[in-house]
>>> print(open('target_13.pdb').read())   # PDB, C-alpha atoms
MODEL        1
ATOM      1  CA  HIS A   1     -13.404  -2.718  -5.687  1.00  0.00           C
ATOM      2  CA  ARG A   2     -16.906  -1.682  -4.824  1.00  0.00           C
ATOM      3  CA  CYS A   3     -16.681  -0.969  -1.098  1.00  0.00           C
ATOM      4  CA  LEU A   4     -16.653   1.834   1.435  1.00  0.00           C
ATOM      5  CA  LEU A   5     -14.623   1.824   4.654  1.00  0.00           C
ATOM      6  CA  SER A   6     -15.493   3.490   7.949  1.00  0.00           C
ATOM      7  CA  ALA A   7     -13.405   3.855  11.099  1.00  0.00           C
ATOM      8  CA  GLY A   8     -13.188   5.921  14.248  1.00  0.00           C
ATOM      9  CA  TYR A   9     -12.861   6.070  18.013  1.00  0.00           C
ATOM     10  CA  ASP A  10     -14.642   2.742  18.542  1.00  0.00           C
ATOM     11  CA  ARG A  11     -11.582   0.845  17.151  1.00  0.00           C
ATOM     12  CA  GLN A  12     -13.680  -0.778  14.449  1.00  0.00           C
ATOM     13  CA  VAL A  13     -12.968  -0.635  10.747  1.00  0.00           C
ATOM     14  CA  LEU A  14     -16.051  -1.692   8.824  1.00  0.00           C
ATOM     15  CA  VAL A  15     -16.363  -2.601   5.157  1.00  0.00           C
ATOM     16  CA  TRP A  16     -19.592  -1.612   3.430  1.00  0.00           C
ATOM     17  CA  ASP A  17     -21.138  -2.460   0.096  1.00  0.00           C
ATOM     18  CA  PRO A  18     -22.891   0.739  -1.086  1.00  0.00           C
ATOM     19  CA  TYR A  19     -25.994  -1.310  -1.946  1.00  0.00           C
ATOM     20  CA  VAL A  20     -26.309  -3.180   1.366  1.00  0.00           C
ATOM     21  CA  ARG A  21     -27.463  -1.654   4.666  1.00  0.00           C
ATOM     22  CA  LYS A  22     -25.197  -3.719   6.940  1.00  0.00           C
ATOM     23  CA  PRO A  23     -21.384  -4.016   7.004  1.00  0.00           C
ATOM     24  CA  THR A  24     -20.107  -6.857   4.821  1.00  0.00           C
ATOM     25  CA  ALA A  25     -16.848  -7.346   6.757  1.00  0.00           C
ATOM     26  CA  SER A  26     -14.705  -5.853   9.491  1.00  0.00           C
ATOM     27  CA  LEU A  27     -10.947  -5.430   9.763  1.00  0.00           C
ATOM     28  CA  GLU A  28      -9.903  -6.882  13.123  1.00  0.00           C
ATOM     29  CA  GLY A  29      -7.052  -6.290  15.552  1.00  0.00           C
ATOM     30  CA  HIS A  30      -7.158  -2.584  16.450  1.00  0.00           C
ATOM     31  CA  HIS A  31      -6.498  -1.773  20.133  1.00  0.00           C
ATOM     32  CA  ASP A  32      -6.806   2.020  19.991  1.00  0.00           C
ATOM     33  CA  PHE A  33      -8.829   4.447  17.920  1.00  0.00           C
ATOM     34  CA  VAL A  34      -8.157   4.417  14.203  1.00  0.00           C
ATOM     35  CA  VAL A  35      -6.589   7.642  12.943  1.00  0.00           C
ATOM     36  CA  ASP A  36      -7.094   6.897   9.240  1.00  0.00           C
ATOM     37  CA  VAL A  37      -7.851   4.206   6.679  1.00  0.00           C
ATOM     38  CA  ILE A  38      -6.101   4.350   3.299  1.00  0.00           C
ATOM     39  CA  VAL A  39      -6.584   2.191   0.220  1.00  0.00           C
ATOM     40  CA  ASN A  40      -3.484   1.470  -1.854  1.00  0.00           C
ATOM     41  CA  GLU A  41      -5.147   0.379  -5.084  1.00  0.00           C
ATOM     42  CA  ALA A  42      -1.856  -0.375  -6.840  1.00  0.00           C
ATOM     43  CA  LYS A  43      -1.108  -3.157  -4.326  1.00  0.00           C
ATOM     44  CA  ASN A  44      -4.721  -4.154  -3.450  1.00  0.00           C
ATOM     45  CA  GLN A  45      -4.150  -3.145   0.166  1.00  0.00           C
ATOM     46  CA  ILE A  46      -6.043  -1.387   2.913  1.00  0.00           C
ATOM     47  CA  ILE A  47      -3.771   0.401   5.405  1.00  0.00           C
ATOM     48  CA  THR A  48      -5.017   1.317   8.875  1.00  0.00           C
ATOM     49  CA  VAL A  49      -3.145   3.630  11.231  1.00  0.00           C
ATOM     50  CA  CYS A  50      -4.011   3.678  14.952  1.00  0.00           C
ATOM     51  CA  ALA A  51      -3.205   6.193  17.657  1.00  0.00           C
ATOM     52  CA  ASP A  52      -1.162   3.525  19.510  1.00  0.00           C
ATOM     53  CA  LYS A  53       1.411   3.761  16.658  1.00  0.00           C
ATOM     54  CA  LYS A  54       0.376   0.443  15.090  1.00  0.00           C
ATOM     55  CA  ILE A  55      -0.057   0.169  11.333  1.00  0.00           C
ATOM     56  CA  LYS A  56      -1.889  -2.773   9.802  1.00  0.00           C
ATOM     57  CA  ILE A  57      -2.023  -3.771   6.154  1.00  0.00           C
ATOM     58  CA  PHE A  58      -4.960  -5.837   4.911  1.00  0.00           C
ATOM     59  CA  ASP A  59      -5.560  -7.586   1.592  1.00  0.00           C
ATOM     60  CA  VAL A  60      -8.504  -5.814  -0.066  1.00  0.00           C
ATOM     61  CA  ARG A  61      -9.824  -9.087  -1.550  1.00  0.00           C
ATOM     62  CA  THR A  62      -9.896 -11.162   1.639  1.00  0.00           C
ATOM     63  CA  PHE A  63      -9.873  -8.444   4.339  1.00  0.00           C
ATOM     64  CA  LYS A  64      -7.194 -10.444   6.191  1.00  0.00           C
ATOM     65  CA  CYS A  65      -4.239  -8.745   7.885  1.00  0.00           C
ATOM     66  CA  ILE A  66      -1.072  -9.449   5.900  1.00  0.00           C
ATOM     67  CA  GLN A  67       1.381  -7.246   7.835  1.00  0.00           C
ATOM     68  CA  SER A  68       1.600  -5.294  11.108  1.00  0.00           C
ATOM     69  CA  LEU A  69       4.090  -2.520  11.822  1.00  0.00           C
ATOM     70  CA  VAL A  70       4.846  -0.419  14.901  1.00  0.00           C
ATOM     71  CA  ASP A  71       6.290   3.104  14.867  1.00  0.00           C
ATOM     72  CA  SER A  72       9.122   2.966  17.425  1.00  0.00           C
ATOM     73  CA  ALA A  73       9.753   6.739  17.424  1.00  0.00           C
ATOM     74  CA  GLN A  74       8.872   8.701  20.556  1.00  0.00           C
ATOM     75  CA  HIS A  75       6.348  11.500  19.955  1.00  0.00           C
ATOM     76  CA  PHE A  76       5.970  14.457  22.346  1.00  0.00           C
ATOM     77  CA  PRO A  77       3.949  15.654  24.233  1.00  0.00           C
ATOM     78  CA  VAL A  78       1.661  12.679  23.543  1.00  0.00           C
ATOM     79  CA  ASP A  79       3.218   9.448  22.264  1.00  0.00           C
ATOM     80  CA  GLN A  80       0.625   8.797  19.551  1.00  0.00           C
ATOM     81  CA  LEU A  81       0.168   8.935  15.821  1.00  0.00           C
ATOM     82  CA  THR A  82      -2.267  11.697  14.941  1.00  0.00           C
ATOM     83  CA  ALA A  83      -2.309  11.854  11.133  1.00  0.00           C
ATOM     84  CA  CYS A  84      -1.210  10.032   8.005  1.00  0.00           C
ATOM     85  CA  ALA A  85      -1.224  10.322   4.232  1.00  0.00           C
ATOM     86  CA  PHE A  86      -0.323   8.110   1.299  1.00  0.00           C
ATOM     87  CA  ASP A  87       1.953   9.209  -1.535  1.00  0.00           C
ATOM     88  CA  VAL A  88       0.592   7.271  -4.520  1.00  0.00           C
ATOM     89  CA  SER A  89       3.341   8.273  -6.962  1.00  0.00           C
ATOM     90  CA  GLN A  90       6.175   7.191  -4.633  1.00  0.00           C
ATOM     91  CA  GLN A  91       4.184   4.302  -3.086  1.00  0.00           C
ATOM     92  CA  ARG A  92       4.869   5.289   0.511  1.00  0.00           C
ATOM     93  CA  LEU A  93       2.907   5.948   3.667  1.00  0.00           C
ATOM     94  CA  VAL A  94       3.613   9.074   5.729  1.00  0.00           C
ATOM     95  CA  THR A  95       2.684   9.006   9.423  1.00  0.00           C
ATOM     96  CA  ALA A  96       2.820  11.860  11.906  1.00  0.00           C
ATOM     97  CA  GLY A  97       2.696  12.478  15.642  1.00  0.00           C
ATOM     98  CA  SER A  98       5.184  15.124  16.614  1.00  0.00           C
ATOM     99  CA  LYS A  99       7.497  13.802  13.858  1.00  0.00           C
ATOM    100  CA  LEU A 100       7.011  12.657  10.275  1.00  0.00           C
ATOM    101  CA  ARG A 101       8.007   9.166   9.209  1.00  0.00           C
ATOM    102  CA  LEU A 102       8.093   7.664   5.708  1.00  0.00           C
ATOM    103  CA  TRP A 103       7.139   4.025   5.184  1.00  0.00           C
ATOM    104  CA  PRO A 104       8.019   2.826   1.642  1.00  0.00           C
ATOM    105  CA  CYS A 105       5.830   0.069   0.161  1.00  0.00           C
ATOM    106  CA  HIS A 106       7.933  -2.665  -1.411  1.00  0.00           C
ATOM    107  CA  SER A 107       6.878  -5.714  -3.383  1.00  0.00           C
ATOM    108  CA  ALA A 108       7.670  -8.968  -1.677  1.00  0.00           C
ATOM    109  CA  PRO A 109      11.104 -10.364  -2.612  1.00  0.00           C
ATOM    110  CA  GLY A 110      11.080 -13.602  -4.527  1.00  0.00           C
ATOM    111  CA  ASN A 111       8.484 -12.539  -7.081  1.00  0.00           C
ATOM    112  CA  THR A 112      10.985 -13.120  -9.863  1.00  0.00           C
ATOM    113  CA  SER A 113      11.433 -15.887 -12.348  1.00  0.00           C
ATOM    114  CA  ARG A 114      14.442 -18.173 -12.074  1.00  0.00           C
ATOM    115  CA  HIS A 115      16.143 -16.318 -14.912  1.00  0.00           C
ATOM    116  CA  GLY A 116      15.583 -12.693 -13.802  1.00  0.00           C
ATOM    117  CA  GLY A 117      12.636 -10.425 -14.511  1.00  0.00           C
ATOM    118  CA  PRO A 118       9.440 -10.328 -12.502  1.00  0.00           C
ATOM    119  CA  ALA A 119       7.220 -13.373 -12.588  1.00  0.00           C
ATOM    120  CA  HIS A 120       4.130 -11.192 -12.087  1.00  0.00           C
ATOM    121  CA  ASP A 121       3.552  -7.512 -11.387  1.00  0.00           C
ATOM    122  CA  ASN A 122       0.797  -8.269  -8.881  1.00  0.00           C
ATOM    123  CA  LEU A 123      -0.236 -10.892  -6.341  1.00  0.00           C
ATOM    124  CA  ILE A 124      -0.410 -14.499  -7.498  1.00  0.00           C
ATOM    125  CA  VAL A 125      -3.752 -16.086  -6.582  1.00  0.00           C
ATOM    126  CA  ALA A 126      -3.116 -19.587  -7.951  1.00  0.00           C
ATOM    127  CA  LEU A 127      -0.148 -21.790  -8.800  1.00  0.00           C
ATOM    128  CA  LEU A 128      -1.182 -24.949 -10.638  1.00  0.00           C
ATOM    129  CA  TYR A 129       0.622 -27.937 -12.116  1.00  0.00           C
ATOM    130  CA  SER A 130      -0.513 -29.645 -15.315  1.00  0.00           C
ATOM    131  CA  LYS A 131       0.595 -33.292 -15.374  1.00  0.00           C
ATOM    132  CA  VAL A 132      -0.538 -33.513 -18.986  1.00  0.00           C
ATOM    133  CA  PHE A 133       1.722 -30.720 -20.271  1.00  0.00           C
ATOM    134  CA  LYS A 134       4.349 -30.826 -17.486  1.00  0.00           C
ATOM    135  CA  GLN A 135       3.928 -27.096 -16.859  1.00  0.00           C
ATOM    136  CA  LEU A 136       3.343 -24.785 -13.936  1.00  0.00           C
ATOM    137  CA  ILE A 137       0.620 -22.174 -14.431  1.00  0.00           C
ATOM    138  CA  SER A 138       0.688 -19.012 -12.299  1.00  0.00           C
ATOM    139  CA  VAL A 139      -2.347 -16.726 -12.258  1.00  0.00           C
ATOM    140  CA  SER A 140      -2.256 -13.216 -10.807  1.00  0.00           C
ATOM    141  CA  VAL A 141      -5.029 -10.990  -9.520  1.00  0.00           C
ATOM    142  CA  ASP A 142      -4.498  -8.578 -12.434  1.00  0.00           C
ATOM    143  CA  GLU A 143      -5.671 -11.228 -14.969  1.00  0.00           C
ATOM    144  CA  HIS A 144      -2.198 -12.319 -16.164  1.00  0.00           C
ATOM    145  CA  VAL A 145      -1.344 -15.992 -16.673  1.00  0.00           C
ATOM    146  CA  ASN A 146       2.215 -17.340 -17.050  1.00  0.00           C
ATOM    147  CA  LEU A 147       3.134 -20.863 -18.135  1.00  0.00           C
ATOM    148  CA  TRP A 148       6.470 -22.176 -16.881  1.00  0.00           C
ATOM    149  CA  ASP A 149       8.631 -25.079 -17.979  1.00  0.00           C
ATOM    150  CA  VAL A 150       9.232 -27.067 -14.780  1.00  0.00           C
ATOM    151  CA  TYR A 151      12.625 -28.313 -15.936  1.00  0.00           C
ATOM    152  CA  THR A 152      14.172 -24.994 -16.996  1.00  0.00           C
ATOM    153  CA  GLY A 153      12.177 -22.496 -14.897  1.00  0.00           C
ATOM    154  CA  LYS A 154      11.642 -20.374 -18.001  1.00  0.00           C
ATOM    155  CA  SER A 155       8.398 -18.697 -18.951  1.00  0.00           C
ATOM    156  CA  VAL A 156       6.980 -20.522 -21.975  1.00  0.00           C
ATOM    157  CA  PHE A 157       3.828 -18.496 -22.678  1.00  0.00           C
ATOM    158  CA  THR A 158       1.992 -15.511 -21.189  1.00  0.00           C
ATOM    159  CA  PHE A 159      -1.540 -14.311 -21.808  1.00  0.00           C
ATOM    160  CA  VAL A 160      -4.246 -12.153 -20.224  1.00  0.00           C
ATOM    161  CA  VAL A 161      -7.643 -13.527 -19.226  1.00  0.00           C
ATOM    162  CA  LYS A 162     -10.368 -10.927 -19.717  1.00  0.00           C
ATOM    163  CA  HIS A 163     -12.771 -10.654 -16.796  1.00  0.00           C
ATOM    164  CA  ASP A 164     -12.641  -6.859 -16.328  1.00  0.00           C
ATOM    165  CA  SER A 165     -12.464  -7.611 -12.605  1.00  0.00           C
ATOM    166  CA  PRO A 166      -9.721  -8.918 -10.273  1.00  0.00           C
ATOM    167  CA  ILE A 167      -9.122 -12.672 -10.386  1.00  0.00           C
ATOM    168  CA  THR A 168      -9.923 -14.344  -7.067  1.00  0.00           C
ATOM    169  CA  SER A 169      -9.169 -18.000  -7.834  1.00  0.00           C
ATOM    170  CA  ALA A 170      -8.202 -20.483 -10.527  1.00  0.00           C
ATOM    171  CA  CYS A 171      -8.006 -24.250 -11.014  1.00  0.00           C
ATOM    172  CA  LEU A 172      -7.559 -26.843 -13.749  1.00  0.00           C
ATOM    173  CA  ASP A 173     -10.400 -28.968 -15.080  1.00  0.00           C
ATOM    174  CA  HIS A 174     -10.533 -32.682 -14.170  1.00  0.00           C
ATOM    175  CA  ARG A 175      -8.390 -33.607 -17.210  1.00  0.00           C
ATOM    176  CA  GLY A 176      -5.747 -30.950 -16.488  1.00  0.00           C
ATOM    177  CA  LYS A 177      -6.103 -29.458 -19.976  1.00  0.00           C
ATOM    178  CA  ARG A 178      -8.186 -26.321 -19.325  1.00  0.00           C
ATOM    179  CA  LEU A 179      -7.700 -23.412 -16.944  1.00  0.00           C
ATOM    180  CA  VAL A 180     -10.768 -22.192 -15.035  1.00  0.00           C
ATOM    181  CA  THR A 181     -10.629 -18.664 -13.593  1.00  0.00           C
ATOM    182  CA  ALA A 182     -13.074 -16.857 -11.300  1.00  0.00           C
ATOM    183  CA  SER A 183     -13.214 -13.126 -10.704  1.00  0.00           C
ATOM    184  CA  HIS A 184     -14.451 -10.713  -8.063  1.00  0.00           C
ATOM    185  CA  ASN A 185     -17.542  -9.846 -10.155  1.00  0.00           C
ATOM    186  CA  GLY A 186     -18.709 -13.493 -10.071  1.00  0.00           C
ATOM    187  CA  ASP A 187     -17.662 -14.520 -13.602  1.00  0.00           C
ATOM    188  CA  VAL A 188     -16.198 -17.988 -14.150  1.00  0.00           C
ATOM    189  CA  LYS A 189     -14.420 -18.665 -17.465  1.00  0.00           C
ATOM    190  CA  MET A 190     -12.555 -21.583 -19.034  1.00  0.00           C
ATOM    191  CA  TRP A 191      -9.366 -21.191 -21.119  1.00  0.00           C
ATOM    192  CA  ASN A 192      -7.059 -23.273 -23.257  1.00  0.00           C
ATOM    193  CA  PHE A 193      -3.910 -22.198 -21.416  1.00  0.00           C
ATOM    194  CA  ASN A 194      -1.581 -23.310 -24.217  1.00  0.00           C
ATOM    195  CA  ASN A 195      -2.886 -20.637 -26.597  1.00  0.00           C
ATOM    196  CA  GLY A 196      -4.889 -18.266 -24.340  1.00  0.00           C
ATOM    197  CA  ALA A 197      -8.205 -18.901 -26.126  1.00  0.00           C
TER     198      ALA A 197
ENDMDL
END
>>> encode(input="target_13.pdb", output="structure tokens")
Amino acid sequence: HRCLLSAGYDRQVLVWDPYVRKPTASLEGHHDFVVDVIVNEAKNQIITVCADKKIKIFDVRTFKCIQSLVDSAQHFPVDQLTACAFDVSQQRLVTAGSKLRLWPCHSAPGNTSRHGGPAHDNLIVALLYSKVFKQLISVSVDEHVNLWDVYTGKSVFTFVVKHDSPITSACLDHRGKRLVTASHNGDVKMWNFNNGA
């Protein structure tokens, strides 16, 4: 993702495009100064940690808050969070005041197919139904497409759409026979979803 983030004592977290002079977005909802901003690229998340012990997780594609957490531990002499770090290899956030606390990052439950195994390894941006082929089509941000038999729940076919950029949306054409995908870099492509071409 081509963006820079800035934060500080003014309680604002601003998103910047390196080629634009003004902020392109802001992450809302902070009531105390922001101690740190961390990007978890593996999960497409921006994590903000505030002095008031509130942690917010934003989706990097939409800049919307998807989860809020509060550290309930008492810190002495001042009851605030003062530092944080992110352990990329273990996928966990570490916050500190007068104590350290580990916050593991887990994938949402339910991201599994009806017959075991993960449906997708990343966020699903579109779930479509083809009346023509009687199939569900799931499209994830990491360019993976799964076709599902609606009667058995089994994956019928999987392929990768090549945009070289995260997928932001997808739809079917007016006949329901072609998959149209759009990516963060502005590309729009059409696919035969029964063979991936």
>>> resolve_selection(input="target_13.pdb", expression="the PyMOL selection byres ((chain A and resi 90) around 12)", output="VMD selection string")
chain A and resid 40 42 85 to 89 91 to 94 102 to 106
>>> residues_around(input="target_13.pdb", residues="segment 155-167 of chain A", least_positions_apart="6", cutoff="6 Å", atoms="all atoms listed in the file", output="PyMOL selection string")
chain A and resi 141-148+182-184+196
>>> residues_around(input="target_13.pdb", residues="segment 45-48 of chain A", least_positions_apart="2", cutoff="8 Å", atoms="only C-alpha atoms", output="ChimeraX atom specification")
/A:34-43,50,55-60
>>> closest_residue(input="target_13.pdb", among="A:Asp79, A:Asp17, A:Asp173, A:Asp71", to="Asn192 of chain A", atoms="only C-alpha atoms")
A:Asp173
>>> resolve_selection(input="target_13.pdb", expression="the PyMOL selection byres ((chain A and resi 81) around 12)", output="ChimeraX atom specification")
/A:32-36,48-55,70-80,82-85,94-101
